[in-house]
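Worksheet for the structure shown next.
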Amino acid sequence: MIDKRVATLAEAVADVADGATVLVGGFGNSGVPVELVHALLEQGARDLTVVTNNAGSGETDIAALIRERRVRRIICSYPRSAGSVWFEQFWRAGEIELELVPQGTLSERMRAAGAGLGGFFTPTGADSLLADGKEVRVLDGRRQVFERPLPADVALIKADRADRWGNLVYRTAARNFGPTMATAAALTVVQVREFVELGGLDPEAVVTPGIFVDRVVQVAR
Amino acid sequence: MIRPLSPTDVARRVARDIPDGSYVNLGIGLPTLVADVVGPDKEIVYHSENGILGMGPAPSPGEEDPELINAGKQPVTLLPGGSFFHHTDAFVMMRGGHLDVSVLGAFQVSETGDLANWATDEAALPPAVGGAMDLAVGAKRVLVMTTHTTRDGRPKLLPRCTYPLTAAAVVDRVYTDLAVLDLCPEGFVVREVAPGVTPEGLQAVTGARLTFAPDLTVVHPD
């Protein structure tokens with residue numbers, strides 16, 4: 001029998017290792033798996049590489065991970081947000097590494113990892129300093145830069161509902177990076193608002209099929 | 001006397017160039033004004049990089065959904081016919097040439113259509129790029145909406161950008177408070193000027209050499 005449901009947040013992130021690469025869903029404050037990130041904070045893993053769109057703001061989730069010195073390196077597209085004070089402070093002090101990636105390339109690099117591809121050429125950023133040190137070719141008359149896949153050890157994402165097979169549906173724009181990140185990690189951990197019976201999700205509406213999901217934990221809203 | 005266009009008037013002028021039925025992405029900042037001034041005679045589908053097509057205006061106070069936000073992280077609504085999709089698909093729409101129009105802000109635009117709109121030479125702030133580079137390379141038409149000069153009067157339309165490039169040779173048309181300019185093989189071609197703006201006066205606040213269209217007219221926002 002397949003049952004990917006776990007009872008507690010602590011159990012969901014229990015085996016995240018020091019030095020792990022962790023994908024964290026969310027765009028701004030939309031779709032961030034806040035409770036899973038807090039569970040990771042309590043679990044204590046350190047020396048993490050965190051892949052996420054923004055670098056957290058205020059004192060919660062990713063900002064808290066940074067504040068507590070758990071993040072060695074962040075790979076993101078837009079670390080400078082209102083309230084991203086912890087990231088900015090650590091960055092100025094040289095205490096956190098930043099790899100800046102254009103947003104579409106960030107998403108596509110994870111997609112490539114999940115799809116088993118060796119990388120891809122993209123026109124995005126090909127004429128910018130973000131292409132420094134990378135192979136650039138003229139393809140179909142356009143300069144394009146070669147980007148490598150971005151696989152991870154763990155993905156932490158937020159969905160709305162799941163069944164015990166790990167099939168997922170999301171809510172409005174909270175979907176954002178979730179479906180792509182779910183494919184790119186060795187271990188995909190999902191927090192959901194609600195569990196439903198197997199067969200309770202419309203198969204035409206499932207966004208992330210359970211094959212991409214390893215653990216699901218319920219977090220009441 | 002020179003009467004620069006207000007941001008809303010520039011937005012009205014941009015809106016006039018967006019055909020009915022277009023799929024459009026409006027960049028953060030000035031471009032978002034365009035949605036407020038598009039006439040009711042046009043059906044425009046707005047795209048947001050975080051996975052929304054058919055994005056509507058801000059909700060009424062108290063109706064905000066913290067997860068339904070735009071690229072600037074402000075609460076928005078979804079119109080009938082709208083849809084949600086994941087980030088990779090949102091950028092497939094951008095990079096893959098499916099958007100008809102992208103309206104972007106700019107720090108600088110060069111006479112060859114290069115765009116600099118993501119980084120200045122300020123080293124005190126961490127760099128941040130977001131979706132700027134994807135928007136600049138993907139849309140069928142890339143329109144830039146900006147002030148003609150910086151706050152301290154330095155030109156933004158230049159022979160060559162001095163700030164880090166977002167993308168090379170991508171801009172189709174620039175709308176400023178002083179003029180509407182097309183990017184052509186000969187460089188910036190001025191199509192329209194704000195009331196009171198002379199060719200000499202415009203050239204004096206522009207870094208790049210300007211060509212003036214034979215049928216140069218005064219901008220009419222509506």
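Chains: A, B, ... in order of the structure tokens. Residues: from 1 per chain. Ligands: from 1, in order shown.
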
For this session: Identify all chain B residues at most 6 Å from chain A by counting only C-alpha atoms; ligands do not count. Present them as a PyMOL selection string.
Result: chain B and resi 50-51+67-68+86-88+91+128-131+133-134+165-167

For this session: Name the residues in contact with range 7-20 of chain A at a cut-off of 10 Å, using only C-alpha atoms, excluding same-chain residues fewer than 5 positions from it; report them as a ChimeraX atom specification.
Result: /A:35-50,70-73,152-154,156,187-191,214-219

For this session: Identify, on the basis of only C-alpha atoms, every residue whose closest approach to range 168-181 of chain B does not exceed 8 Å; exclude the query and any residue fewer than 2 positions from it along the same chain; express the result as a PyMOL selection string.
Result: (chain A and resi 127) or (chain B and resi 4-7+10+13-14+109+112-115+136-137+141-148+165-166+183+188-194+197+202+219)

Can those selected residues be exported to a file as a CSV table (one decimal), in the first residue's frame so that it contains C-alpha atoms?
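selection.csv was written with the following content:
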```
chain,number,residue,atom,x,y,z
A,127,ASP,CA,24.3,39.3,-23.5
B,4,PRO,CA,6.1,66.9,-20.6
B,5,LEU,CA,3.5,64.1,-20.6
B,6,SER,CA,2.3,62.9,-17.2
B,7,PRO,CA,3.0,59.2,-16.5
B,10,VAL,CA,2.5,58.2,-21.4
B,13,ARG,CA,-0.1,56.6,-25.5
B,14,VAL,CA,1.3,53.1,-24.9
B,109,VAL,CA,18.2,52.2,-23.8
B,112,THR,CA,20.8,49.6,-31.2
B,113,GLY,CA,17.9,48.6,-28.9
B,114,ASP,CA,19.9,47.3,-26.0
B,115,LEU,CA,18.1,47.5,-22.7
B,136,ALA,CA,13.1,41.3,-22.6
B,137,VAL,CA,14.1,38.5,-25.0
B,141,ARG,CA,7.1,43.4,-29.2
B,142,VAL,CA,9.1,45.0,-26.5
B,143,LEU,CA,8.0,48.5,-25.5
B,144,VAL,CA,9.8,50.6,-23.1
B,145,MET,CA,8.1,53.2,-20.9
B,146,THR,CA,10.4,55.6,-19.1
B,147,THR,CA,11.3,59.2,-18.3
B,148,HIS,CA,13.4,60.7,-21.0
B,165,LEU,CA,22.7,45.0,-20.0
B,166,THR,CA,19.5,43.1,-19.6
B,183,LEU,CA,14.4,51.7,-32.9
B,188,PHE,CA,16.4,56.3,-32.6
B,189,VAL,CA,13.7,57.7,-35.0
B,190,VAL,CA,11.5,60.2,-33.3
B,191,ARG,CA,7.8,59.7,-34.4
B,192,GLU,CA,6.1,62.0,-31.9
B,193,VAL,CA,7.0,64.7,-29.5
B,194,ALA,CA,5.3,66.2,-26.4
B,197,VAL,CA,9.3,70.0,-27.6
B,202,LEU,CA,14.9,66.9,-27.6
B,219,VAL,CA,1.8,63.2,-29.1
```

For this session: Write out as a ChimeraX atom specification all residues of chain A that DSSP puts in strand (DSSP E) for this structure's backbone.
Result: /A:21-24,48-51,71-76,97-100,120-122,136-139,142-147,152-158,161-162,168-169,185-192,194-195,215-218

Keeping only C-alpha atoms, write the selected residues as a PDB file, in the first residue's frame.
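Result file is part26.pdb:
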```pdb
ATOM      1  CA  THR A  21      20.618  21.483  -1.500  1.00  0.00           C
ATOM      2  CA  VAL A  22      17.029  22.434  -0.658  1.00  0.00           C
ATOM      3  CA  LEU A  23      14.470  23.834  -3.093  1.00  0.00           C
ATOM      4  CA  VAL A  24      11.915  26.042  -1.361  1.00  0.00           C
ATOM      5  CA  LEU A  48      22.518  24.389   3.285  1.00  0.00           C
ATOM      6  CA  THR A  49      22.273  25.559  -0.301  1.00  0.00           C
ATOM      7  CA  VAL A  50      18.794  27.045  -0.657  1.00  0.00           C
ATOM      8  CA  VAL A  51      17.196  27.486  -4.076  1.00  0.00           C
ATOM      9  CA  VAL A  71      22.367  28.816   4.769  1.00  0.00           C
ATOM     10  CA  ARG A  72      25.782  28.812   3.173  1.00  0.00           C
ATOM     11  CA  ARG A  73      24.625  29.623  -0.325  1.00  0.00           C
ATOM     12  CA  ILE A  74      21.442  30.907  -1.916  1.00  0.00           C
ATOM     13  CA  ILE A  75      20.478  30.473  -5.562  1.00  0.00           C
ATOM     14  CA  CYS A  76      17.692  32.849  -6.502  1.00  0.00           C
ATOM     15  CA  GLU A  97      27.100  33.196  -1.161  1.00  0.00           C
ATOM     16  CA  LEU A  98      24.665  34.382  -3.810  1.00  0.00           C
ATOM     17  CA  GLU A  99      24.199  32.811  -7.233  1.00  0.00           C
ATOM     18  CA  LEU A 100      21.883  35.111  -9.147  1.00  0.00           C
ATOM     19  CA  PHE A 120      19.797  23.827 -22.359  1.00  0.00           C
ATOM     20  CA  PHE A 121      20.632  26.894 -24.416  1.00  0.00           C
ATOM     21  CA  THR A 122      18.567  30.006 -23.724  1.00  0.00           C
ATOM     22  CA  VAL A 136      27.515  31.134 -25.525  1.00  0.00           C
ATOM     23  CA  ARG A 137      26.580  29.995 -29.031  1.00  0.00           C
ATOM     24  CA  VAL A 138      24.706  31.575 -31.895  1.00  0.00           C
ATOM     25  CA  LEU A 139      21.755  29.262 -32.541  1.00  0.00           C
ATOM     26  CA  ARG A 142      20.457  34.349 -31.682  1.00  0.00           C
ATOM     27  CA  ARG A 143      23.103  34.357 -29.033  1.00  0.00           C
ATOM     28  CA  GLN A 144      22.178  31.739 -26.442  1.00  0.00           C
ATOM     29  CA  VAL A 145      23.845  30.736 -23.199  1.00  0.00           C
ATOM     30  CA  PHE A 146      24.230  27.170 -21.970  1.00  0.00           C
ATOM     31  CA  GLU A 147      22.639  26.576 -18.596  1.00  0.00           C
ATOM     32  CA  ALA A 152      18.459  19.033  -5.386  1.00  0.00           C
ATOM     33  CA  ASP A 153      18.425  16.718  -2.427  1.00  0.00           C
ATOM     34  CA  VAL A 154      15.150  18.020  -1.039  1.00  0.00           C
ATOM     35  CA  ALA A 155      12.198  20.116  -2.207  1.00  0.00           C
ATOM     36  CA  LEU A 156       9.873  21.789   0.277  1.00  0.00           C
ATOM     37  CA  ILE A 157       6.646  22.922  -1.350  1.00  0.00           C
ATOM     38  CA  LYS A 158       3.117  23.956  -0.468  1.00  0.00           C
ATOM     39  CA  ARG A 161      -4.929  19.261  -1.220  1.00  0.00           C
ATOM     40  CA  ALA A 162      -3.385  15.820  -1.550  1.00  0.00           C
ATOM     41  CA  LEU A 168      -1.522  17.427  -5.598  1.00  0.00           C
ATOM     42  CA  VAL A 169      -3.726  20.342  -6.460  1.00  0.00           C
ATOM     43  CA  ALA A 185      14.567  16.806  -5.933  1.00  0.00           C
ATOM     44  CA  ALA A 186      15.502  13.341  -4.672  1.00  0.00           C
ATOM     45  CA  LEU A 187      13.071  13.886  -1.801  1.00  0.00           C
ATOM     46  CA  THR A 188       9.951  16.011  -2.305  1.00  0.00           C
ATOM     47  CA  VAL A 189       8.121  17.036   0.854  1.00  0.00           C
ATOM     48  CA  VAL A 190       4.781  18.798   0.590  1.00  0.00           C
ATOM     49  CA  GLN A 191       2.616  20.610   3.093  1.00  0.00           C
ATOM     50  CA  VAL A 192      -1.083  20.739   2.296  1.00  0.00           C
ATOM     51  CA  GLU A 194      -6.253  19.168   3.444  1.00  0.00           C
ATOM     52  CA  PHE A 195      -6.061  15.440   2.778  1.00  0.00           C
ATOM     53  CA  ARG A 215       5.949  12.890   1.760  1.00  0.00           C
ATOM     54  CA  VAL A 216       2.865  14.940   2.499  1.00  0.00           C
ATOM     55  CA  VAL A 217       2.015  16.576   5.784  1.00  0.00           C
ATOM     56  CA  GLN A 218      -1.144  18.420   6.690  1.00  0.00           C
TER      57      GLN A 218
END
```

Exercise. What separation in Å, quoted to one decimal, exists between CA of Leu104 in chain B and CA of Ile28 in chain B?
Worked result: 7.5 Å

Problem set entry | Which of range 57-177 of chain B DSSP labels alpha helix (DSSP H), written as JSON, numbers by chain | {"B": [87, 88, 89, 90, 91, 92, 93, 94, 95, 132, 133, 134, 135, 136, 137, 138]}

Just the selected residues (C-alpha atoms), exported as a short mmCIF file (atom, residue, chain, number, x, y, z; two decimals), in the first residue's frame, please.
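Result file part26.cif:
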```cif
data_model
loop_
_atom_site.label_atom_id
_atom_site.label_comp_id
_atom_site.auth_asym_id
_atom_site.auth_seq_id
_atom_site.Cartn_x
_atom_site.Cartn_y
_atom_site.Cartn_z
CA HIS B 87 6.35 29.05 -13.09
CA THR B 88 8.00 27.07 -15.84
CA ASP B 89 4.94 27.53 -18.05
CA ALA B 90 4.77 31.22 -17.14
CA PHE B 91 8.27 31.61 -18.57
CA VAL B 92 7.54 29.35 -21.55
CA MET B 93 4.95 31.99 -22.42
CA MET B 94 7.56 34.74 -22.08
CA ARG B 95 10.71 33.20 -23.51
CA ALA B 132 13.54 41.11 -16.45
CA MET B 133 15.85 39.21 -18.80
CA ASP B 134 13.19 36.70 -19.83
CA LEU B 135 10.65 39.45 -20.54
CA ALA B 136 13.15 41.35 -22.65
CA VAL B 137 14.05 38.46 -24.96
CA GLY B 138 10.73 36.76 -25.43
#
```

For this session: Check the smallest atom-to-atom distance from each of B:Gly54, B:Pro159, B:Gly196, B:Pro164 to Ser83 in chain B using only C-alpha atoms, then report the winner.
Result: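 Of B:Gly54, B:Pro159, B:Gly196, B:Pro164, the one nearest Ser83 in chain B, counting only C-alpha atoms, is B:Gly54.
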
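Nearest residue to Arg151 in chain B among B:Leu26, B:Ala213, B:Phe107, B:Ala204 is B:Phe107, counting only C-alpha atoms.
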
Exercise. So which residues touch Ala35 in chain B within 9 Å, counting only C-alpha atoms, skipping near sequence neighbours fewer than 4 positions away, as a VMD selection string?
Worked result: chain B and resid 11 15 26 31 44 46 56 to 57

Next, dump the selected residues to file, keeping only N, CA, C and O atoms, as an mmCIF file, in the first residue's frame.
```
data_model
loop_
_atom_site.group_PDB
_atom_site.id
_atom_site.type_symbol
_atom_site.label_atom_id
_atom_site.label_comp_id
_atom_site.auth_asym_id
_atom_site.auth_seq_id
_atom_site.Cartn_x
_atom_site.Cartn_y
_atom_site.Cartn_z
ATOM 1 N N ALA B 11 1.188 56.393 -20.342
ATOM 2 C CA ALA B 11 0.507 55.091 -20.315
ATOM 3 C C ALA B 11 -0.616 55.053 -21.357
ATOM 4 O O ALA B 11 -0.803 54.035 -22.041
ATOM 5 N N ALA B 15 -0.975 52.467 -24.365
ATOM 6 C CA ALA B 15 -2.196 51.655 -24.495
ATOM 7 C C ALA B 15 -2.747 51.716 -25.914
ATOM 8 O O ALA B 15 -3.277 50.723 -26.428
ATOM 9 N N LEU B 26 2.957 43.522 -18.221
ATOM 10 C CA LEU B 26 3.341 44.863 -17.810
ATOM 11 C C LEU B 26 4.384 44.762 -16.711
ATOM 12 O O LEU B 26 4.136 44.139 -15.678
ATOM 13 N N PRO B 31 5.033 50.813 -16.059
ATOM 14 C CA PRO B 31 4.186 50.062 -17.002
ATOM 15 C C PRO B 31 2.849 49.606 -16.433
ATOM 16 O O PRO B 31 1.871 49.469 -17.175
ATOM 17 N N ILE B 44 -7.892 42.772 -23.315
ATOM 18 C CA ILE B 44 -6.464 42.494 -23.180
ATOM 19 C C ILE B 44 -6.295 41.458 -22.080
ATOM 20 O O ILE B 44 -6.892 41.580 -21.010
ATOM 21 N N TYR B 46 -3.873 40.032 -19.415
ATOM 22 C CA TYR B 46 -2.624 40.340 -18.730
ATOM 23 C C TYR B 46 -2.010 39.089 -18.126
ATOM 24 O O TYR B 46 -2.693 38.280 -17.501
ATOM 25 N N GLY B 56 -6.707 40.530 -13.136
ATOM 26 C CA GLY B 56 -7.570 41.695 -13.037
ATOM 27 C C GLY B 56 -7.001 42.724 -12.075
ATOM 28 O O GLY B 56 -5.895 42.556 -11.556
ATOM 29 N N PRO B 57 -7.761 43.774 -11.832
ATOM 30 C CA PRO B 57 -7.273 44.864 -10.977
ATOM 31 C C PRO B 57 -7.171 44.467 -9.518
ATOM 32 O O PRO B 57 -7.554 43.362 -9.127
#
```

Exercise. Can you tell me how far CA of Glu49 in chain B sits from CA of Asn70 in chain B, in Å to one decimal?
Worked result: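 Between these atoms lies a distance of 7.8 Å.
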
Give me the residues within 10 Å of Arg12 in chain B as a PDB file with all heavy atoms, in the first residue's frame, counting only C-alpha atoms and dropping any in the same chain fewer than 5 places off.
```pdb
ATOM      1  N   SER B   6       2.388  63.511 -18.558  1.00  0.00           N
ATOM      2  CA  SER B   6       2.318  62.880 -17.240  1.00  0.00           C
ATOM      3  C   SER B   6       2.493  61.370 -17.433  1.00  0.00           C
ATOM      4  O   SER B   6       2.283  60.846 -18.532  1.00  0.00           O
ATOM      5  CB  SER B   6       0.953  63.151 -16.611  1.00  0.00           C
ATOM      6  OG  SER B   6      -0.042  62.459 -17.348  1.00  0.00           O
ATOM      7  N   PRO B   7       2.870  60.655 -16.350  1.00  0.00           N
ATOM      8  CA  PRO B   7       2.964  59.196 -16.475  1.00  0.00           C
ATOM      9  C   PRO B   7       1.673  58.576 -17.014  1.00  0.00           C
ATOM     10  O   PRO B   7       1.717  57.643 -17.820  1.00  0.00           O
ATOM     11  CB  PRO B   7       3.248  58.746 -15.044  1.00  0.00           C
ATOM     12  CG  PRO B   7       3.962  59.915 -14.429  1.00  0.00           C
ATOM     13  CD  PRO B   7       3.332  61.145 -15.037  1.00  0.00           C
ATOM     14  N   ASP B  17      -1.204  51.679 -28.578  1.00  0.00           N
ATOM     15  CA  ASP B  17      -0.443  50.787 -29.472  1.00  0.00           C
ATOM     16  C   ASP B  17      -0.668  49.309 -29.162  1.00  0.00           C
ATOM     17  O   ASP B  17      -0.056  48.451 -29.809  1.00  0.00           O
ATOM     18  CB  ASP B  17       1.061  51.083 -29.359  1.00  0.00           C
ATOM     19  CG  ASP B  17       1.443  52.340 -30.128  1.00  0.00           C
ATOM     20  OD1 ASP B  17       0.595  52.869 -30.867  1.00  0.00           O
ATOM     21  OD2 ASP B  17       2.596  52.788 -29.983  1.00  0.00           O
ATOM     22  N   LEU B  33       0.741  51.192 -14.979  1.00  0.00           N
ATOM     23  CA  LEU B  33      -0.285  52.224 -15.216  1.00  0.00           C
ATOM     24  C   LEU B  33      -1.099  51.927 -16.471  1.00  0.00           C
ATOM     25  O   LEU B  33      -2.244  52.373 -16.600  1.00  0.00           O
ATOM     26  CB  LEU B  33       0.369  53.604 -15.384  1.00  0.00           C
ATOM     27  CG  LEU B  33       1.033  54.225 -14.154  1.00  0.00           C
ATOM     28  CD1 LEU B  33       1.748  55.513 -14.538  1.00  0.00           C
ATOM     29  CD2 LEU B  33      -0.015  54.495 -13.083  1.00  0.00           C
ATOM     30  N   VAL B  34      -0.501  51.189 -17.407  1.00  0.00           N
ATOM     31  CA  VAL B  34      -1.170  50.959 -18.694  1.00  0.00           C
ATOM     32  C   VAL B  34      -2.516  50.262 -18.493  1.00  0.00           C
ATOM     33  O   VAL B  34      -3.511  50.605 -19.130  1.00  0.00           O
ATOM     34  CB  VAL B  34      -0.256  50.147 -19.645  1.00  0.00           C
ATOM     35  CG1 VAL B  34      -0.994  49.738 -20.903  1.00  0.00           C
ATOM     36  CG2 VAL B  34       0.988  50.965 -20.004  1.00  0.00           C
ATOM     37  N   ALA B  35      -2.554  49.292 -17.570  1.00  0.00           N
ATOM     38  CA  ALA B  35      -3.800  48.529 -17.357  1.00  0.00           C
ATOM     39  C   ALA B  35      -4.944  49.436 -16.920  1.00  0.00           C
ATOM     40  O   ALA B  35      -6.111  49.141 -17.176  1.00  0.00           O
ATOM     41  CB  ALA B  35      -3.571  47.431 -16.317  1.00  0.00           C
ATOM     42  N   ASP B  36      -4.602  50.548 -16.251  1.00  0.00           N
ATOM     43  CA  ASP B  36      -5.646  51.448 -15.745  1.00  0.00           C
ATOM     44  C   ASP B  36      -6.264  52.313 -16.842  1.00  0.00           C
ATOM     45  O   ASP B  36      -7.315  52.911 -16.623  1.00  0.00           O
ATOM     46  CB  ASP B  36      -5.065  52.376 -14.658  1.00  0.00           C
ATOM     47  CG  ASP B  36      -4.503  51.598 -13.480  1.00  0.00           C
ATOM     48  OD1 ASP B  36      -4.993  50.478 -13.234  1.00  0.00           O
ATOM     49  OD2 ASP B  36      -3.571  52.107 -12.830  1.00  0.00           O
ATOM     50  N   VAL B  37      -5.589  52.413 -17.982  1.00  0.00           N
ATOM     51  CA  VAL B  37      -6.057  53.373 -18.992  1.00  0.00           C
ATOM     52  C   VAL B  37      -6.450  52.722 -20.322  1.00  0.00           C
ATOM     53  O   VAL B  37      -6.839  53.420 -21.256  1.00  0.00           O
ATOM     54  CB  VAL B  37      -4.981  54.461 -19.256  1.00  0.00           C
ATOM     55  CG1 VAL B  37      -4.724  55.256 -17.977  1.00  0.00           C
ATOM     56  CG2 VAL B  37      -3.689  53.873 -19.790  1.00  0.00           C
ATOM     57  N   VAL B  38      -6.328  51.393 -20.412  1.00  0.00           N
ATOM     58  CA  VAL B  38      -6.789  50.720 -21.632  1.00  0.00           C
ATOM     59  C   VAL B  38      -8.310  50.837 -21.696  1.00  0.00           C
ATOM     60  O   VAL B  38      -9.001  50.585 -20.709  1.00  0.00           O
ATOM     61  CB  VAL B  38      -6.366  49.233 -21.633  1.00  0.00           C
ATOM     62  CG1 VAL B  38      -7.097  48.463 -22.715  1.00  0.00           C
ATOM     63  CG2 VAL B  38      -4.861  49.111 -21.835  1.00  0.00           C
ATOM     64  N   GLY B  39      -8.810  51.246 -22.835  1.00  0.00           N
ATOM     65  CA  GLY B  39     -10.240  51.487 -22.973  1.00  0.00           C
ATOM     66  C   GLY B  39     -11.052  50.203 -22.889  1.00  0.00           C
ATOM     67  O   GLY B  39     -10.532  49.105 -23.131  1.00  0.00           O
ATOM     68  N   HIS B 220      -0.547  62.662 -29.083  1.00  0.00           N
ATOM     69  CA  HIS B 220      -1.896  62.767 -28.534  1.00  0.00           C
ATOM     70  C   HIS B 220      -2.150  61.516 -27.723  1.00  0.00           C
ATOM     71  O   HIS B 220      -2.252  60.435 -28.286  1.00  0.00           O
ATOM     72  CB  HIS B 220      -2.928  62.897 -29.661  1.00  0.00           C
ATOM     73  CG  HIS B 220      -2.834  64.214 -30.353  1.00  0.00           C
ATOM     74  ND1 HIS B 220      -3.216  65.385 -29.748  1.00  0.00           N
ATOM     75  CD2 HIS B 220      -2.361  64.547 -31.575  1.00  0.00           C
ATOM     76  CE1 HIS B 220      -2.988  66.392 -30.582  1.00  0.00           C
ATOM     77  NE2 HIS B 220      -2.469  65.923 -31.695  1.00  0.00           N
ATOM     78  N   PRO B 221      -2.203  61.667 -26.402  1.00  0.00           N
ATOM     79  CA  PRO B 221      -2.328  60.468 -25.567  1.00  0.00           C
ATOM     80  C   PRO B 221      -3.568  59.649 -25.910  1.00  0.00           C
ATOM     81  O   PRO B 221      -3.551  58.423 -25.788  1.00  0.00           O
ATOM     82  CB  PRO B 221      -2.421  61.025 -24.153  1.00  0.00           C
ATOM     83  CG  PRO B 221      -1.848  62.409 -24.225  1.00  0.00           C
ATOM     84  CD  PRO B 221      -2.139  62.902 -25.602  1.00  0.00           C
ATOM     85  N   ASP B 222      -4.676  60.296 -26.290  1.00  0.00           N
ATOM     86  CA  ASP B 222      -5.905  59.526 -26.523  1.00  0.00           C
ATOM     87  C   ASP B 222      -6.245  59.398 -27.997  1.00  0.00           C
ATOM     88  O   ASP B 222      -5.813  60.190 -28.799  1.00  0.00           O
ATOM     89  CB  ASP B 222      -7.072  60.164 -25.771  1.00  0.00           C
ATOM     90  CG  ASP B 222      -6.930  59.897 -24.282  1.00  0.00           C
ATOM     91  OD1 ASP B 222      -6.685  58.737 -23.923  1.00  0.00           O
ATOM     92  OD2 ASP B 222      -7.021  60.860 -23.508  1.00  0.00           O
TER      93      ASP B 222
END
```

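Across the structure, CA of Leu79 in chain B and CA of Gly97 in chain B are spaced 23.2 Å apart.
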